[in-house]
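First the structure, in the form of structure tokens, and then the observations on it.
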There are 2 protein chains.
Amino acid sequence: MKVEKKLSAKDYVEKIGVSFEKEGFQPAMGRIFAYLIIADPPHKSFEEILEYLKISKSAVSTSLNYLMSRDLVEYITLPGDRKRYFKINMSGWVTLIKKKMARRSFFGEIMKEALSARSSKYKEFNDALQEQAEFLEFMHKEMRDALDKWERKKKKKG
Amino acid sequence: MKVEKKLSAKDYVEKIGVSFEKEGFQPAMGRIFAYLIIADPPHKSFEEILEYLKISKSAVSTSLNYLMSRDLVEYITLPGDRKRYFKINMSGWVTLIKKKMARRSFFGEIMKEALSARSSKYKEFNDALQEQAEFLEFMHKEMRDALDKWERKKKKKG
DNA sequence: CAATTAGTTCTGTAATTACAGAACCAAAAA
DNA sequence: TTTTTGGTTCTGTAATTACAGAACTAATTG
């Protein structure tokens, strides 16, 4: 019988990494992001990352640069130390979600455009399409509101 | 000087298709989905799809099957006609969004798990991580509420 | 019973991705 | 000035994807 056991750090990296991949990032990025979540201390040097994950310098370099370009990762420097220490930029996730929202809202807009070009035959379909576009708009608005709500909540608490 | 002009059907297919691709679907799927949005009538046979998009039978077959497995496309049959006519399943998009939401919520859960395994040093980072996990949970809840709200709104109107 | 139709599945391949390894480079240190 | 450090960029490649084309199949039609 298997003994219940806490997940090891490596297992977390794997688990988080896979989830991150499912968000559309490449494997190496997922694992770097994951490592930076479990990392203790939460900032790690270029070398530490490549050693821990056993991936090449090039993979680390391109992945980090991509993650930084998306504001998902940032770096700090320590006095008297030439290295950069990479860490998760916690606000990046919010930005990511905002972008995905915007994309969907755009999708809704295109649907409306397409709708305006459709013939008025097939009313049932047109109505359903209209509703879909409205749904996307609705969700976009609701999410914006939710984000505002979160911001306010945070401000009050912080 | 370019004359302002309504987009042609092909242009919509292209535009919608690209948006759909950005949601993570492969090109052929994006274009099929797009074609079914602008299609008049809104149901098209296997053959019509491959002819319009000029893609192979295999591409149409696998794409349609995938889209149907995800409930994004369905088909109808017409009396005295052996063919199936494929059309968009409008409720599929909602399901898709629900699934994406669930994935993010799961991501938040993993973050919490990881958190519970972190040392208590680096409080600042831990707090931020906690907040991120809470943010994902919060957004998940808000979206569930939004979905409910939409359902109620629809029921009242319909 | 053929022959046709409506699609499916298999096979091969061009294009792309994701990465390793090595060469490279700029800034800092010696 | 040379050497070392902390990366970046280039080159090559294994693996994967996305699809075409052909072979195939089950149901229908003649």
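Starting from 1 in every chain, residues are counted up; chains themselves are A, B, ... following the order of the structure tokens, and ligands are numbered from 1 as listed.
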
Fit chain A to chain B: least squares, all C-alpha atoms, paired in order; write the output as a tab-separated table (two decimals) with N, CA and C atoms, in the first residue's frame.
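Saved to result_27.tsv:
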```
chain	number	residue	atom	x	y	z
A	1	MET	N	-6.12	56.07	-53.62
A	1	MET	CA	-6.73	55.93	-52.29
A	1	MET	C	-7.64	54.72	-52.25
A	2	LYS	N	-7.54	54.03	-51.17
A	2	LYS	CA	-8.29	52.78	-51.06
A	2	LYS	C	-9.76	53.03	-50.74
A	3	VAL	N	-10.59	52.36	-51.47
A	3	VAL	CA	-12.03	52.51	-51.23
A	3	VAL	C	-12.45	51.63	-50.04
A	4	GLU	N	-13.20	52.20	-49.12
A	4	GLU	CA	-13.73	51.41	-48.01
A	4	GLU	C	-14.67	50.34	-48.56
A	5	LYS	N	-14.51	49.17	-48.09
A	5	LYS	CA	-15.25	48.07	-48.68
A	5	LYS	C	-15.56	47.02	-47.62
A	6	LYS	N	-16.68	46.42	-47.74
A	6	LYS	CA	-17.00	45.33	-46.81
A	6	LYS	C	-16.06	44.16	-47.06
A	7	LEU	N	-15.76	43.48	-46.01
A	7	LEU	CA	-14.91	42.31	-46.17
A	7	LEU	C	-15.63	41.24	-46.96
A	8	SER	N	-14.89	40.53	-47.81
A	8	SER	CA	-15.50	39.41	-48.53
A	8	SER	C	-15.60	38.22	-47.60
A	9	ALA	N	-16.40	37.25	-48.01
A	9	ALA	CA	-16.57	36.04	-47.20
A	9	ALA	C	-15.22	35.39	-46.91
A	10	LYS	N	-14.40	35.32	-47.93
A	10	LYS	CA	-13.08	34.69	-47.78
A	10	LYS	C	-12.24	35.43	-46.75
A	11	ASP	N	-12.38	36.75	-46.75
A	11	ASP	CA	-11.62	37.52	-45.77
A	11	ASP	C	-12.09	37.23	-44.35
A	12	TYR	N	-13.38	37.06	-44.19
A	12	TYR	CA	-13.91	36.71	-42.87
A	12	TYR	C	-13.35	35.37	-42.41
A	13	VAL	N	-13.37	34.44	-43.35
A	13	VAL	CA	-12.86	33.11	-43.02
A	13	VAL	C	-11.43	33.23	-42.53
A	14	GLU	N	-10.67	34.01	-43.23
A	14	GLU	CA	-9.27	34.21	-42.85
A	14	GLU	C	-9.16	34.82	-41.46
A	15	LYS	N	-9.89	35.91	-41.27
A	15	LYS	CA	-9.83	36.67	-40.02
A	15	LYS	C	-10.31	35.85	-38.82
A	16	ILE	N	-11.46	35.23	-38.98
A	16	ILE	CA	-12.01	34.41	-37.90
A	16	ILE	C	-11.09	33.21	-37.66
A	17	GLY	N	-10.64	32.63	-38.75
A	17	GLY	CA	-9.78	31.46	-38.66
A	17	GLY	C	-8.53	31.74	-37.84
A	18	VAL	N	-7.92	32.87	-38.10
A	18	VAL	CA	-6.70	33.24	-37.37
A	18	VAL	C	-7.01	33.41	-35.87
A	19	SER	N	-8.11	34.07	-35.59
A	19	SER	CA	-8.50	34.23	-34.19
A	19	SER	C	-8.71	32.89	-33.51
A	20	PHE	N	-9.32	32.01	-34.25
A	20	PHE	CA	-9.60	30.70	-33.69
A	20	PHE	C	-8.30	29.93	-33.47
A	21	GLU	N	-7.39	30.06	-34.40
A	21	GLU	CA	-6.07	29.45	-34.24
A	21	GLU	C	-5.40	29.94	-32.96
A	22	LYS	N	-5.57	31.24	-32.71
A	22	LYS	CA	-4.94	31.82	-31.52
A	22	LYS	C	-5.51	31.24	-30.23
A	23	GLU	N	-6.68	30.67	-30.33
A	23	GLU	CA	-7.25	29.99	-29.17
A	23	GLU	C	-6.62	28.60	-28.99
A	24	GLY	N	-5.73	28.25	-29.90
A	24	GLY	CA	-5.00	27.01	-29.76
A	24	GLY	C	-5.42	25.88	-30.69
A	25	PHE	N	-6.23	26.20	-31.69
A	25	PHE	CA	-6.64	25.17	-32.65
A	25	PHE	C	-5.73	25.19	-33.87
A	26	GLN	N	-5.67	24.07	-34.56
A	26	GLN	CA	-4.83	24.06	-35.74
A	26	GLN	C	-5.50	24.79	-36.89
A	27	PRO	N	-4.68	25.25	-37.84
A	27	PRO	CA	-5.16	26.06	-38.95
A	27	PRO	C	-6.42	25.54	-39.63
A	28	ALA	N	-6.40	24.28	-40.01
A	28	ALA	CA	-7.55	23.75	-40.75
A	28	ALA	C	-8.83	23.84	-39.92
A	29	MET	N	-8.71	23.58	-38.63
A	29	MET	CA	-9.88	23.67	-37.76
A	29	MET	C	-10.39	25.11	-37.69
A	30	GLY	N	-9.48	26.02	-37.57
A	30	GLY	CA	-9.85	27.42	-37.52
A	30	GLY	C	-10.63	27.82	-38.75
A	31	ARG	N	-10.16	27.37	-39.89
A	31	ARG	CA	-10.81	27.77	-41.12
A	31	ARG	C	-12.16	27.10	-41.31
A	32	ILE	N	-12.26	25.85	-40.87
A	32	ILE	CA	-13.55	25.18	-40.96
A	32	ILE	C	-14.57	25.87	-40.06
A	33	PHE	N	-14.15	26.14	-38.84
A	33	PHE	CA	-15.04	26.82	-37.89
A	33	PHE	C	-15.47	28.17	-38.47
A	34	ALA	N	-14.51	28.88	-39.01
A	34	ALA	CA	-14.78	30.19	-39.60
A	34	ALA	C	-15.78	30.07	-40.76
A	35	TYR	N	-15.53	29.09	-41.62
A	35	TYR	CA	-16.42	28.90	-42.77
A	35	TYR	C	-17.84	28.64	-42.31
A	36	LEU	N	-17.97	27.85	-41.25
A	36	LEU	CA	-19.30	27.53	-40.75
A	36	LEU	C	-19.98	28.73	-40.10
A	37	ILE	N	-19.20	29.72	-39.73
A	37	ILE	CA	-19.81	30.94	-39.19
A	37	ILE	C	-20.40	31.79	-40.30
A	38	ILE	N	-19.68	31.86	-41.40
A	38	ILE	CA	-20.17	32.72	-42.49
A	38	ILE	C	-21.05	31.95	-43.49
A	39	ALA	N	-21.08	30.63	-43.35
A	39	ALA	CA	-21.77	29.80	-44.34
A	39	ALA	C	-23.25	30.14	-44.47
A	40	ASP	N	-23.71	30.14	-45.67
A	40	ASP	CA	-25.10	30.47	-45.98
A	40	ASP	C	-25.63	29.45	-46.99
A	41	PRO	N	-26.46	28.53	-46.60
A	41	PRO	CA	-27.01	28.27	-45.25
A	41	PRO	C	-25.92	27.84	-44.27
A	42	PRO	N	-26.24	27.92	-43.00
A	42	PRO	CA	-25.22	27.69	-41.98
A	42	PRO	C	-24.83	26.23	-41.76
A	43	HIS	N	-25.35	25.35	-42.60
A	43	HIS	CA	-24.91	23.96	-42.51
A	43	HIS	C	-24.32	23.59	-43.86
A	44	LYS	N	-23.19	22.93	-43.80
A	44	LYS	CA	-22.49	22.56	-45.03
A	44	LYS	C	-22.05	21.11	-44.98
A	45	SER	N	-22.07	20.50	-46.16
A	45	SER	CA	-21.66	19.10	-46.25
A	45	SER	C	-20.14	19.00	-46.24
A	46	PHE	N	-19.70	17.80	-45.98
A	46	PHE	CA	-18.27	17.46	-46.02
A	46	PHE	C	-17.63	17.97	-47.32
A	47	GLU	N	-18.28	17.65	-48.41
A	47	GLU	CA	-17.74	18.04	-49.71
A	47	GLU	C	-17.67	19.55	-49.90
A	48	GLU	N	-18.74	20.20	-49.49
A	48	GLU	CA	-18.76	21.66	-49.64
A	48	GLU	C	-17.60	22.30	-48.89
A	49	ILE	N	-17.35	21.77	-47.71
A	49	ILE	CA	-16.26	22.31	-46.90
A	49	ILE	C	-14.92	22.14	-47.59
A	50	LEU	N	-14.68	20.93	-48.05
A	50	LEU	CA	-13.36	20.71	-48.67
A	50	LEU	C	-13.19	21.46	-49.97
A	51	GLU	N	-14.31	21.65	-50.68
A	51	GLU	CA	-14.22	22.40	-51.93
A	51	GLU	C	-13.98	23.89	-51.67
A	52	TYR	N	-14.72	24.40	-50.71
A	52	TYR	CA	-14.58	25.82	-50.42
A	52	TYR	C	-13.19	26.15	-49.90
A	53	LEU	N	-12.71	25.34	-48.98
A	53	LEU	CA	-11.43	25.62	-48.34
A	53	LEU	C	-10.24	25.03	-49.08
A	54	LYS	N	-10.55	24.15	-50.06
A	54	LYS	CA	-9.49	23.49	-50.81
A	54	LYS	C	-8.50	22.77	-49.90
A	55	ILE	N	-9.03	22.01	-48.98
A	55	ILE	CA	-8.19	21.15	-48.15
A	55	ILE	C	-8.62	19.71	-48.36
A	56	SER	N	-7.77	18.81	-47.96
A	56	SER	CA	-8.00	17.40	-48.26
A	56	SER	C	-9.11	16.78	-47.42
A	57	LYS	N	-9.60	15.65	-47.89
A	57	LYS	CA	-10.63	14.91	-47.16
A	57	LYS	C	-10.14	14.56	-45.76
A	58	SER	N	-8.90	14.12	-45.68
A	58	SER	CA	-8.39	13.69	-44.37
A	58	SER	C	-8.38	14.85	-43.39
A	59	ALA	N	-7.97	16.01	-43.88
A	59	ALA	CA	-7.92	17.18	-43.01
A	59	ALA	C	-9.33	17.54	-42.54
A	60	VAL	N	-10.28	17.50	-43.48
A	60	VAL	CA	-11.66	17.81	-43.12
A	60	VAL	C	-12.19	16.79	-42.12
A	61	SER	N	-11.92	15.54	-42.41
A	61	SER	CA	-12.43	14.48	-41.54
A	61	SER	C	-11.90	14.59	-40.12
A	62	THR	N	-10.58	14.67	-39.99
A	62	THR	CA	-10.01	14.72	-38.63
A	62	THR	C	-10.41	16.01	-37.92
A	63	SER	N	-10.43	17.10	-38.64
A	63	SER	CA	-10.79	18.37	-38.02
A	63	SER	C	-12.23	18.35	-37.53
A	64	LEU	N	-13.13	17.89	-38.40
A	64	LEU	CA	-14.54	17.85	-38.01
A	64	LEU	C	-14.74	16.93	-36.80
A	65	ASN	N	-14.08	15.79	-36.84
A	65	ASN	CA	-14.24	14.87	-35.72
A	65	ASN	C	-13.72	15.47	-34.42
A	66	TYR	N	-12.61	16.18	-34.51
A	66	TYR	CA	-12.09	16.83	-33.32
A	66	TYR	C	-13.06	17.90	-32.83
A	67	LEU	N	-13.51	18.74	-33.75
A	67	LEU	CA	-14.43	19.82	-33.38
A	67	LEU	C	-15.73	19.25	-32.80
A	68	MET	N	-16.16	18.11	-33.34
A	68	MET	CA	-17.38	17.49	-32.81
A	68	MET	C	-17.12	16.89	-31.43
A	69	SER	N	-15.93	16.32	-31.25
A	69	SER	CA	-15.61	15.72	-29.94
A	69	SER	C	-15.58	16.79	-28.85
A	70	ARG	N	-15.29	18.01	-29.25
A	70	ARG	CA	-15.26	19.13	-28.31
A	70	ARG	C	-16.59	19.89	-28.26
A	71	ASP	N	-17.57	19.35	-28.96
A	71	ASP	CA	-18.90	19.98	-29.01
A	71	ASP	C	-18.90	21.38	-29.60
A	72	LEU	N	-17.93	21.64	-30.44
A	72	LEU	CA	-17.91	22.96	-31.08
A	72	LEU	C	-18.67	22.91	-32.40
A	73	VAL	N	-18.77	21.72	-32.94
A	73	VAL	CA	-19.49	21.52	-34.20
A	73	VAL	C	-20.43	20.32	-34.01
A	74	GLU	N	-21.55	20.36	-34.69
A	74	GLU	CA	-22.46	19.22	-34.67
A	74	GLU	C	-22.95	19.01	-36.10
A	75	TYR	N	-23.77	18.00	-36.33
A	75	TYR	CA	-24.29	17.88	-37.69
A	75	TYR	C	-25.78	17.57	-37.66
A	76	ILE	N	-26.40	17.90	-38.76
A	76	ILE	CA	-27.80	17.56	-38.96
A	76	ILE	C	-27.89	16.71	-40.21
A	77	THR	N	-29.00	16.04	-40.36
A	77	THR	CA	-29.23	15.32	-41.62
A	77	THR	C	-30.54	15.81	-42.19
A	78	LEU	N	-30.64	15.74	-43.49
A	78	LEU	CA	-31.86	16.19	-44.16
A	78	LEU	C	-32.58	14.97	-44.72
A	79	PRO	N	-33.89	14.95	-44.64
A	79	PRO	CA	-34.66	13.79	-45.11
A	79	PRO	C	-34.34	13.46	-46.57
A	80	GLY	N	-34.14	12.18	-46.83
A	80	GLY	CA	-33.85	11.74	-48.19
A	80	GLY	C	-32.48	12.15	-48.69
A	81	ASP	N	-31.57	12.38	-47.76
A	81	ASP	CA	-30.21	12.81	-48.14
A	81	ASP	C	-29.23	12.11	-47.21
A	82	ARG	N	-28.34	11.38	-47.81
A	82	ARG	CA	-27.42	10.56	-47.03
A	82	ARG	C	-26.34	11.39	-46.35
A	83	LYS	N	-26.07	12.55	-46.90
A	83	LYS	CA	-24.99	13.38	-46.36
A	83	LYS	C	-25.30	13.89	-44.96
A	84	ARG	N	-24.23	14.21	-44.26
A	84	ARG	CA	-24.38	14.93	-43.01
A	84	ARG	C	-24.07	16.39	-43.30
A	85	TYR	N	-24.77	17.25	-42.63
A	85	TYR	CA	-24.50	18.68	-42.80
A	85	TYR	C	-23.99	19.22	-41.48
A	86	PHE	N	-22.79	19.78	-41.55
A	86	PHE	CA	-22.12	20.22	-40.33
A	86	PHE	C	-22.41	21.67	-40.04
A	87	LYS	N	-22.60	21.94	-38.78
A	87	LYS	CA	-22.84	23.33	-38.38
A	87	LYS	C	-22.27	23.59	-37.00
A	88	ILE	N	-22.14	24.84	-36.70
A	88	ILE	CA	-21.59	25.22	-35.41
A	88	ILE	C	-22.58	24.91	-34.29
A	89	ASN	N	-22.05	24.36	-33.24
A	89	ASN	CA	-22.85	24.16	-32.04
A	89	ASN	C	-22.59	25.37	-31.14
A	90	MET	N	-23.56	26.24	-31.09
A	90	MET	CA	-23.35	27.53	-30.42
A	90	MET	C	-23.05	27.40	-28.92
A	91	SER	N	-23.47	26.32	-28.33
A	91	SER	CA	-23.21	26.18	-26.89
A	91	SER	C	-21.78	25.72	-26.62
A	92	GLY	N	-21.09	25.32	-27.69
A	92	GLY	CA	-19.74	24.80	-27.52
A	92	GLY	C	-18.77	25.81	-26.95
A	93	TRP	N	-18.93	27.04	-27.37
A	93	TRP	CA	-18.02	28.10	-26.95
A	93	TRP	C	-18.09	28.30	-25.43
A	94	VAL	N	-19.30	28.25	-24.92
A	94	VAL	CA	-19.50	28.38	-23.47
A	94	VAL	C	-18.75	27.26	-22.74
A	95	THR	N	-18.92	26.05	-23.25
A	95	THR	CA	-18.24	24.89	-22.67
A	95	THR	C	-16.73	25.09	-22.67
A	96	LEU	N	-16.26	25.57	-23.81
A	96	LEU	CA	-14.83	25.82	-23.97
A	96	LEU	C	-14.33	26.76	-22.88
A	97	ILE	N	-15.05	27.83	-22.69
A	97	ILE	CA	-14.66	28.83	-21.69
A	97	ILE	C	-14.70	28.23	-20.30
A	98	LYS	N	-15.70	27.43	-20.05
A	98	LYS	CA	-15.80	26.78	-18.74
A	98	LYS	C	-14.57	25.91	-18.48
A	99	LYS	N	-14.17	25.18	-19.51
A	99	LYS	CA	-13.01	24.31	-19.35
A	99	LYS	C	-11.74	25.10	-19.06
A	100	LYS	N	-11.59	26.20	-19.78
A	100	LYS	CA	-10.39	27.03	-19.56
A	100	LYS	C	-10.39	27.59	-18.16
A	101	MET	N	-11.56	27.97	-17.70
A	101	MET	CA	-11.70	28.48	-16.33
A	101	MET	C	-11.25	27.42	-15.33
A	102	ALA	N	-11.75	26.22	-15.55
A	102	ALA	CA	-11.44	25.12	-14.64
A	102	ALA	C	-9.94	24.89	-14.59
A	103	ARG	N	-9.29	24.99	-15.75
A	103	ARG	CA	-7.85	24.78	-15.80
A	103	ARG	C	-7.11	25.80	-14.97
A	104	ARG	N	-7.58	27.04	-15.05
A	104	ARG	CA	-6.92	28.10	-14.29
A	104	ARG	C	-7.12	27.93	-12.81
A	105	SER	N	-8.32	27.52	-12.47
A	105	SER	CA	-8.62	27.31	-11.06
A	105	SER	C	-7.71	26.20	-10.52
A	106	PHE	N	-7.52	25.18	-11.34
A	106	PHE	CA	-6.62	24.08	-10.98
A	106	PHE	C	-5.20	24.60	-10.78
A	107	PHE	N	-4.81	25.50	-11.65
A	107	PHE	CA	-3.49	26.11	-11.54
A	107	PHE	C	-3.35	26.83	-10.20
A	108	GLY	N	-4.39	27.54	-9.82
A	108	GLY	CA	-4.41	28.22	-8.53
A	108	GLY	C	-4.25	27.23	-7.38
A	109	GLU	N	-4.91	26.10	-7.51
A	109	GLU	CA	-4.82	25.09	-6.46
A	109	GLU	C	-3.39	24.56	-6.31
A	110	ILE	N	-2.78	24.30	-7.46
A	110	ILE	CA	-1.39	23.80	-7.40
A	110	ILE	C	-0.50	24.83	-6.73
A	111	MET	N	-0.73	26.10	-7.05
A	111	MET	CA	0.07	27.16	-6.44
A	111	MET	C	-0.08	27.11	-4.92
A	112	LYS	N	-1.28	26.89	-4.48
A	112	LYS	CA	-1.50	26.80	-3.02
A	112	LYS	C	-0.78	25.61	-2.42
A	113	GLU	N	-0.84	24.50	-3.13
A	113	GLU	CA	-0.13	23.30	-2.67
A	113	GLU	C	1.35	23.59	-2.56
A	114	ALA	N	1.88	24.20	-3.62
A	114	ALA	CA	3.30	24.52	-3.64
A	114	ALA	C	3.63	25.43	-2.46
A	115	LEU	N	2.74	26.35	-2.23
A	115	LEU	CA	2.91	27.31	-1.14
A	115	LEU	C	3.05	26.59	0.20
A	116	SER	N	2.21	25.60	0.40
A	116	SER	CA	2.23	24.90	1.67
A	116	SER	C	3.53	24.11	1.85
A	117	ALA	N	4.24	23.91	0.77
A	117	ALA	CA	5.50	23.18	0.85
A	117	ALA	C	6.70	24.12	0.96
A	118	ARG	N	6.43	25.42	0.78
A	118	ARG	CA	7.54	26.39	0.84
A	118	ARG	C	7.96	26.67	2.28
A	119	SER	N	9.19	27.05	2.45
A	119	SER	CA	9.64	27.46	3.79
A	119	SER	C	9.00	28.81	4.11
A	120	SER	N	8.99	29.16	5.41
A	120	SER	CA	8.32	30.41	5.79
A	120	SER	C	9.26	31.61	5.69
A	121	LYS	N	10.50	31.35	5.34
A	121	LYS	CA	11.39	32.47	5.00
A	121	LYS	C	10.78	33.08	3.74
A	122	TYR	N	11.21	34.24	3.33
A	122	TYR	CA	10.71	34.88	2.10
A	122	TYR	C	9.21	35.11	2.15
A	123	LYS	N	8.80	35.66	3.25
A	123	LYS	CA	7.39	35.95	3.49
A	123	LYS	C	6.77	36.77	2.36
A	124	GLU	N	7.53	37.76	1.89
A	124	GLU	CA	7.01	38.64	0.85
A	124	GLU	C	6.58	37.85	-0.39
A	125	PHE	N	7.49	36.96	-0.80
A	125	PHE	CA	7.19	36.13	-1.97
A	125	PHE	C	6.00	35.22	-1.69
A	126	ASN	N	6.03	34.60	-0.53
A	126	ASN	CA	4.93	33.69	-0.18
A	126	ASN	C	3.58	34.42	-0.18
A	127	ASP	N	3.58	35.62	0.35
A	127	ASP	CA	2.34	36.40	0.37
A	127	ASP	C	1.85	36.70	-1.04
A	128	ALA	N	2.80	37.07	-1.89
A	128	ALA	CA	2.44	37.38	-3.27
A	128	ALA	C	1.90	36.13	-3.98
A	129	LEU	N	2.53	35.02	-3.70
A	129	LEU	CA	2.10	33.76	-4.32
A	129	LEU	C	0.69	33.41	-3.84
A	130	GLN	N	0.52	33.56	-2.54
A	130	GLN	CA	-0.80	33.34	-1.94
A	130	GLN	C	-1.84	34.22	-2.64
A	131	GLU	N	-1.46	35.46	-2.82
A	131	GLU	CA	-2.39	36.39	-3.45
A	131	GLU	C	-2.72	35.98	-4.88
A	132	GLN	N	-1.71	35.51	-5.59
A	132	GLN	CA	-1.94	35.04	-6.96
A	132	GLN	C	-2.93	33.89	-6.98
A	133	ALA	N	-2.72	32.95	-6.08
A	133	ALA	CA	-3.61	31.79	-6.01
A	133	ALA	C	-5.03	32.25	-5.68
A	134	GLU	N	-5.11	33.19	-4.76
A	134	GLU	CA	-6.43	33.72	-4.40
A	134	GLU	C	-7.06	34.46	-5.56
A	135	PHE	N	-6.22	35.16	-6.30
A	135	PHE	CA	-6.72	35.88	-7.46
A	135	PHE	C	-7.36	34.91	-8.46
A	136	LEU	N	-6.67	33.82	-8.71
A	136	LEU	CA	-7.19	32.84	-9.65
A	136	LEU	C	-8.50	32.25	-9.13
A	137	GLU	N	-8.55	31.96	-7.86
A	137	GLU	CA	-9.77	31.45	-7.26
A	137	GLU	C	-10.90	32.47	-7.37
A	138	PHE	N	-10.54	33.69	-7.05
A	138	PHE	CA	-11.51	34.78	-7.12
A	138	PHE	C	-12.09	34.91	-8.53
A	139	MET	N	-11.20	34.94	-9.51
A	139	MET	CA	-11.66	35.08	-10.89
A	139	MET	C	-12.53	33.90	-11.30
A	140	HIS	N	-12.15	32.74	-10.83
A	140	HIS	CA	-12.94	31.57	-11.16
A	140	HIS	C	-14.37	31.71	-10.62
A	141	LYS	N	-14.45	32.12	-9.38
A	141	LYS	CA	-15.76	32.31	-8.77
A	141	LYS	C	-16.56	33.40	-9.49
A	142	GLU	N	-15.90	34.49	-9.78
A	142	GLU	CA	-16.58	35.60	-10.45
A	142	GLU	C	-17.11	35.16	-11.81
A	143	MET	N	-16.32	34.35	-12.49
A	143	MET	CA	-16.76	33.89	-13.80
A	143	MET	C	-17.93	32.92	-13.69
A	144	ARG	N	-17.88	32.13	-12.67
A	144	ARG	CA	-19.02	31.23	-12.45
A	144	ARG	C	-20.29	32.05	-12.22
A	145	ASP	N	-20.14	33.08	-11.41
A	145	ASP	CA	-21.28	33.95	-11.14
A	145	ASP	C	-21.76	34.62	-12.42
A	146	ALA	N	-20.79	35.07	-13.21
A	146	ALA	CA	-21.15	35.73	-14.46
A	146	ALA	C	-21.91	34.77	-15.36
A	147	LEU	N	-21.45	33.54	-15.42
A	147	LEU	CA	-22.13	32.53	-16.24
A	147	LEU	C	-23.56	32.32	-15.75
A	148	ASP	N	-23.71	32.23	-14.44
A	148	ASP	CA	-25.06	32.08	-13.88
A	148	ASP	C	-25.93	33.26	-14.26
A	149	LYS	N	-25.36	34.43	-14.11
A	149	LYS	CA	-26.08	35.66	-14.45
A	149	LYS	C	-26.55	35.60	-15.89
A	150	TRP	N	-25.67	35.19	-16.76
A	150	TRP	CA	-25.99	35.08	-18.18
A	150	TRP	C	-27.12	34.07	-18.40
A	151	GLU	N	-27.01	32.96	-17.73
A	151	GLU	CA	-28.04	31.92	-17.87
A	151	GLU	C	-29.41	32.47	-17.47
A	152	ARG	N	-29.42	33.16	-16.33
A	152	ARG	CA	-30.69	33.72	-15.83
A	152	ARG	C	-31.25	34.74	-16.81
A	153	LYS	N	-30.39	35.58	-17.28
A	153	LYS	CA	-30.78	36.63	-18.22
A	153	LYS	C	-31.41	36.00	-19.47
A	154	LYS	N	-30.77	34.96	-19.93
A	154	LYS	CA	-31.23	34.28	-21.13
A	154	LYS	C	-32.60	33.64	-20.89
A	155	LYS	N	-32.71	33.01	-19.73
A	155	LYS	CA	-33.95	32.31	-19.39
A	155	LYS	C	-35.11	33.29	-19.34
A	156	LYS	N	-34.88	34.42	-18.73
A	156	LYS	CA	-35.91	35.44	-18.58
A	156	LYS	C	-36.36	35.95	-19.95
A	157	LYS	N	-35.35	36.20	-20.79
A	157	LYS	CA	-35.62	36.76	-22.11
A	157	LYS	C	-36.28	35.72	-23.02
A	158	GLY	N	-35.66	34.53	-23.04
A	158	GLY	CA	-36.11	33.49	-23.98
A	158	GLY	C	-37.51	33.01	-23.70
```

List every residue of chain B that DSSP, applied to the backbone of this structure, places in alpha helix (DSSP H), and write the result as a ChimeraX atom specification. /B:9-22,27-38,46-53,57-69,92-117,123-157

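For the atom pair formed by C1' of DA18 in chain D and C1' of DC19 in chain C, the distance is 20.6 Å, given to one decimal.
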
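What separates C1' of DA27 in chain C from C1' of DC10 in chain D is a distance of 21.3 Å.
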
Practice problem: Would you kindly report the residues of chain D within 9 Å of chain A, using only C-alpha atoms (C1' of nucleotides), as JSON, numbers by chain? | Solution: {"D": [5, 6, 7, 8, 9]}

Which residues are near DA3 in chain C? Cut-off 12 Å, only C-alpha atoms (C1' of nucleotides), ignore same chain within fewer than 2 positions. Put them as an NGL selection string.
(:C and (1 or 5)) or (:D and (28-30))

Need the shell around DA14 in chain C: protein/DNA/RNA residues with any atom at most 12 Å away, counting only C-alpha atoms (C1' of nucleotides). Skip same-chain ones fewer than 6 positions apart. Format as a list in words?
DT17, DA18, DC19 and DA20 of chain D

Please, could you write that set of residues out with C-alpha atoms (C1' of nucleotides) as a tab-separated table (two decimals), in the first residue's frame?
```tsv
chain	number	residue	atom	x	y	z
D	17	DT	C1'	2.63	18.84	-36.30
D	18	DA	C1'	-0.42	19.50	-39.93
D	19	DC	C1'	-1.69	18.09	-43.74
D	20	DA	C1'	-2.04	15.89	-48.74
```

query = Where in chain B does DSSP assign strand (DSSP E or B), given as a PyMOL selection string?
reply = chain B and resi 44-45+73-77+84-88

Taken to one decimal, the C1' of DG21 in chain D-C1' of DA2 in chain C distance is 26.1 Å
